[in-house]
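*Asks:* Quick one: the structure is below, and I'll ask about it shortly.
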Amino acid sequence: MQNLVRTLSKLRESVLFLYVIAFLVSCSNSSSEENSIAFKELTGEYALSVATLPGYRIEVVETDGDLFLVPIEQAPEKLIQNSQGEFRLEQSPSITVSFNADENDAIAELQITNLFGTRYYKRLALLEPESENLYSDQVSNLGRSFYNVPEDLNDGLSSNTLESISTKPALIYRLLANLEQGFFGNVNSLLIVKNGELIVERYFNDWSQEQTHQLRSVSKSVTSLLIGSALDQGYIDSIDDPIGKYLPDHSELLSGGKENIRLKDLLTMSAGLSWDQLSVDYANTENINQHVEQSNDSVAFVLSRDLVNAPGDVFSYSDGYAYVAGEILRNATDSGSVQAYIENSVLSQLSFGPTPWLRLADGRQATAFGLQLRPRDLAKIGTLILNDGQWRGSILLSENWISESTAPHISTSSSLWENYGYFWWGTEFQVGGDSYHADLAEGFGGQYIVVVDALDLVVVSTAENFNFPYQSVMSDIMRKLIIPAFRP
């Protein structure tokens, strides 16, 4: 039962996972004809959102008086219907399944609720007409009304019009219309930089230009940039150095092969320590992240884990590695904190707004998830990556570091983002028979910096899609709308 709870609430950061839960609903053997008829009204296909078609559907079927949610790579689980008609998971009463009717009393929505939230699956037949709008010309005129030329704030991001750069601006209009109508979930911002100019800057759901947004794991990618800065400035000699060189207070934990872990192994998520943060929901107290975040020494917590793979051999996603990398950065630069270093490093020339950084229980900055920045600041970071470390004529980071940190150093288990650099993801978007490589910073809930070098393109998105499979949606948006709008 515990596994099903985890499956229902699992929200993965860097790896695509099917959120669809499948289980068996069985009523008593004395099911009446009246119940059977009611069950038939519930049958059909449901989907999380028009934007998630076809990957996130649940099918409800009725057979011999029993109601089923069709299994998709999961073992069936029995549901019990009470006298009020509510369905509850037999082994976990906190999980409920209900059906909601529309104004005509027709069943239009399937609702699954557990301790960590609710997911709403709309009837597919109702979504299909809407789905035609996602990538069609029908919403182009509507989307045009949502477009405004971005402001030139003299902050290093010059602006231009979408129409002067894109030969297919209608594709972006469609995207704006879909975002405004909520087809892609709770998205808060979309910014597009093309040829060094900001041509799209739109905020949604009451968000504004000057608000800082939680970045989640995009914080790791910023930590990577700070490591590169420390390397350029000579604070760190080499990423091939064993981590013990920069962790004098934790040297006693680095034995039994752990002494061979390099800084590079942390950055590529391949240090080899036992760590599993993806099979348990983040909000669950059993998730290892809950333990490391509340420990009195997060670095010691991570380094105390068993060594299960040779350092550098196997990719295994770990927030813990980012915490250790942050400690190395703090020790090597003698800055007192990672936040102090970002405010005084060469990256300060990007003229960020406020840089609040959440802290762990031990007082250290949460370098795995805790940074907050404005979306325009993320656009600057993407432009810095695109320009090989240069910003407004100044070299802030070495071209070598930008190239190395975004290079594909290790394969991942993700079906979308196939490789990993130094806290940066990499993938290929296939569009019209051509392949476009992209480097990505990705954060849980829909935080993105996407850099497509071949098109001189940077895309930024922030969102609060914490209960929505936004990773696959972002891939769809890039392949079907954004890249086609700017490819030759």
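Ordered as shown in the structure tokens, chains take letters A, B, and onward, while each chain numbers its residues from 1 and ligands are numbered from 1 in the order shown.
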Please provide as a list of chain:residue names all residues within 10 Å of Ile236 (chain A), with the sequence filter that same-chain residues fewer than 2 positions apart are discarded (counting only C-alpha atoms).
*Replies:*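 In the requested form, the answer reads A:Ile227, A:Gly228, A:Ser229, A:Ala230, A:Leu231, A:Asp232, A:Gln233, A:Gly234, A:Ser238, A:Ile239, A:Asp241, A:Lys245, A:Tyr246, A:Leu263, A:Ile328, A:Leu329, A:Asn331, A:Ala332, A:Thr333.
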*Asks:* Please identify all polymer residues within 6 Å of region 40-50 of chain A, counting only C-alpha atoms, omitting same-chain residues fewer than 2 positions from it, and present them as an MDAnalysis selection string.
*Replies:* chainID A and resid 37:38 52:53 56:61 120:124 127 131
*Asks:* Report as a ChimeraX atom specification all protein, DNA and RNA residues lying within 7 Å of region 432-442 of chain A, evaluated on only C-alpha atoms, omitting residues in the same chain fewer than 3 positions from it.
*Replies:* /A:14,217-218,221,406,424-429,447-452,454
*Asks:* Please produce an output containing C-alpha atoms for each residue in the selection, written as an mmCIF file, in the first residue's frame.
*Replies:*
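Heads up, here's the output in selection.cif:
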```
data_model
loop_
_atom_site.group_PDB
_atom_site.id
_atom_site.type_symbol
_atom_site.label_atom_id
_atom_site.label_comp_id
_atom_site.auth_asym_id
_atom_site.auth_seq_id
_atom_site.Cartn_x
_atom_site.Cartn_y
_atom_site.Cartn_z
ATOM 1 C CA SER A 14 14.987 15.364 -13.479
ATOM 2 C CA SER A 217 16.862 22.267 -8.814
ATOM 3 C CA VAL A 218 17.798 25.103 -11.130
ATOM 4 C CA SER A 221 22.887 24.638 -12.171
ATOM 5 C CA THR A 406 27.195 21.461 -20.366
ATOM 6 C CA TRP A 424 23.142 20.618 -16.248
ATOM 7 C CA TRP A 425 20.918 18.328 -18.310
ATOM 8 C CA GLY A 426 21.274 17.707 -22.041
ATOM 9 C CA THR A 427 18.854 16.466 -24.675
ATOM 10 C CA GLU A 428 18.050 16.431 -28.382
ATOM 11 C CA PHE A 429 14.814 17.857 -29.780
ATOM 12 C CA GLN A 447 11.340 25.803 -13.555
ATOM 13 C CA TYR A 448 13.439 25.882 -16.741
ATOM 14 C CA ILE A 449 16.329 27.470 -18.534
ATOM 15 C CA VAL A 450 16.590 25.906 -22.000
ATOM 16 C CA VAL A 451 19.518 26.860 -24.228
ATOM 17 C CA VAL A 452 19.479 25.860 -27.915
ATOM 18 C CA ALA A 454 22.086 26.152 -32.940
#
```
*Asks:* Using DSSP assignments from the backbone, pull out every residue in region 297-335 of chain A that falls under alpha helix (DSSP H) and give it to me as a ChimeraX atom specification.
*Replies:* /A:298-303,319-333
*Asks:* Quick one: write out the picked residues with N, CA and C atoms as a short mmCIF file (atom, residue, chain, number, x, y, z; two decimals), in the first residue's frame?
*Replies:*
```
data_model
loop_
_atom_site.label_atom_id
_atom_site.label_comp_id
_atom_site.auth_asym_id
_atom_site.auth_seq_id
_atom_site.Cartn_x
_atom_site.Cartn_y
_atom_site.Cartn_z
N SER A 298 24.45 18.33 7.29
CA SER A 298 24.02 17.75 6.02
C SER A 298 25.17 17.11 5.26
N VAL A 299 26.35 17.69 5.35
CA VAL A 299 27.51 17.14 4.64
C VAL A 299 27.89 15.79 5.24
N ALA A 300 27.93 15.70 6.55
CA ALA A 300 28.24 14.42 7.21
C ALA A 300 27.18 13.38 6.88
N PHE A 301 25.92 13.80 6.83
CA PHE A 301 24.83 12.87 6.50
C PHE A 301 25.08 12.24 5.14
N VAL A 302 25.45 13.06 4.16
CA VAL A 302 25.68 12.55 2.80
C VAL A 302 26.89 11.63 2.75
N LEU A 303 27.99 12.08 3.33
CA LEU A 303 29.23 11.33 3.24
C LEU A 303 29.21 10.05 4.07
N ASP A 319 20.23 15.16 -4.32
CA ASP A 319 20.37 16.50 -3.78
C ASP A 319 21.58 16.59 -2.86
N GLY A 320 21.90 15.47 -2.21
CA GLY A 320 23.02 15.44 -1.28
C GLY A 320 24.33 15.85 -1.92
N TYR A 321 24.54 15.46 -3.17
CA TYR A 321 25.78 15.83 -3.85
C TYR A 321 25.90 17.34 -4.01
N ALA A 322 24.76 18.01 -4.24
CA ALA A 322 24.79 19.47 -4.37
C ALA A 322 25.12 20.14 -3.03
N TYR A 323 24.68 19.53 -1.93
CA TYR A 323 25.02 20.09 -0.62
C TYR A 323 26.51 19.99 -0.35
N VAL A 324 27.10 18.85 -0.70
CA VAL A 324 28.54 18.69 -0.51
C VAL A 324 29.31 19.65 -1.42
N ALA A 325 28.84 19.80 -2.66
CA ALA A 325 29.49 20.74 -3.58
C ALA A 325 29.41 22.16 -3.04
N GLY A 326 28.28 22.51 -2.42
CA GLY A 326 28.14 23.84 -1.82
C GLY A 326 29.12 24.04 -0.68
N GLU A 327 29.33 23.00 0.12
CA GLU A 327 30.29 23.09 1.22
C GLU A 327 31.71 23.26 0.69
N ILE A 328 32.04 22.55 -0.38
CA ILE A 328 33.35 22.71 -1.01
C ILE A 328 33.53 24.15 -1.49
N LEU A 329 32.49 24.69 -2.10
CA LEU A 329 32.55 26.07 -2.60
C LEU A 329 32.76 27.04 -1.44
N ARG A 330 32.05 26.84 -0.37
CA ARG A 330 32.15 27.73 0.79
C ARG A 330 33.55 27.65 1.41
N ASN A 331 34.06 26.43 1.57
CA ASN A 331 35.38 26.27 2.18
C ASN A 331 36.49 26.80 1.28
N ALA A 332 36.40 26.48 -0.03
CA ALA A 332 37.47 26.86 -0.95
C ALA A 332 37.58 28.38 -1.10
N THR A 333 36.44 29.05 -1.12
CA THR A 333 36.44 30.50 -1.33
C THR A 333 36.55 31.28 -0.03
#
```
*Asks:* From the list A:Ser345, A:Ser166, A:Gln84, A:Asn387, which residue is nearest Phe486 (chain A) when using only C-alpha atoms?
*Replies:*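 Among the listed residues, A:Ser166 lies closest to Phe486 (chain A).
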*Asks:* Quick check, in Å to one decimal: how far apart do CA of Leu378 (chain A) and CA of Ser164 (chain A) lie?
*Replies:*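 Computing the Euclidean distance for CA of Leu378 (chain A) and CA of Ser164 (chain A) yields 23.3 Å.
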*Asks:* Which distance in Å separates CA of Thr367 (chain A) and CA of Arg216 (chain A), to one decimal?
*Replies:* 9.2 Å
*Asks:* Using only C-alpha atoms, which of the listed residues (A:Ile95, A:Leu350, A:Leu266, A:Ala485) sits closest to Val314 (chain A)?
*Replies:*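 For Val314 (chain A), the nearest of the given residues is A:Leu266.
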*Asks:* Figure out the distance between CA of Glu90 (chain A) and CA of Thr63 (chain A), please, to one decimal in Å.
*Replies:*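 Between CA of Thr63 (chain A) and CA of Glu90 (chain A) the gap works out to 19.5 Å.
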*Asks:* Quick one: pick out all strand (DSSP E or B) residues within region 148-291 of chain A from a backbone DSSP run and write them as a PDB file with C-alpha atoms, in the first residue's frame.
*Replies:*
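Now in out35.pdb:
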```pdb
ATOM      1  CA  SER A 158      17.856  44.462 -24.847  1.00  0.00           C
ATOM      2  CA  SER A 159      14.392  43.908 -26.293  1.00  0.00           C
ATOM      3  CA  VAL A 187       2.705  28.451 -15.360  1.00  0.00           C
ATOM      4  CA  ASN A 188       3.922  31.777 -13.942  1.00  0.00           C
ATOM      5  CA  SER A 189       6.245  33.117 -16.632  1.00  0.00           C
ATOM      6  CA  LEU A 190       7.567  32.597 -20.142  1.00  0.00           C
ATOM      7  CA  LEU A 191      10.586  34.469 -21.506  1.00  0.00           C
ATOM      8  CA  ILE A 192      12.301  33.935 -24.851  1.00  0.00           C
ATOM      9  CA  VAL A 193      15.663  35.406 -25.845  1.00  0.00           C
ATOM     10  CA  LYS A 194      16.607  35.125 -29.511  1.00  0.00           C
ATOM     11  CA  GLU A 197      17.374  40.029 -27.570  1.00  0.00           C
ATOM     12  CA  LEU A 198      14.423  39.492 -25.263  1.00  0.00           C
ATOM     13  CA  ILE A 199      11.408  39.107 -27.537  1.00  0.00           C
ATOM     14  CA  VAL A 200       8.871  37.418 -25.238  1.00  0.00           C
ATOM     15  CA  GLU A 201       8.252  38.256 -21.579  1.00  0.00           C
ATOM     16  CA  ARG A 202       4.883  37.252 -20.214  1.00  0.00           C
ATOM     17  CA  TYR A 203       3.686  36.612 -16.652  1.00  0.00           C
ATOM     18  CA  HIS A 213      10.541  32.712  -7.936  1.00  0.00           C
ATOM     19  CA  GLN A 214      11.634  29.509  -6.266  1.00  0.00           C
ATOM     20  CA  PRO A 242      39.422  14.410  -4.394  1.00  0.00           C
ATOM     21  CA  ARG A 262      36.215  13.747  -6.976  1.00  0.00           C
ATOM     22  CA  LEU A 273      26.956   6.804  -2.581  1.00  0.00           C
TER      23      LEU A 273
END
```
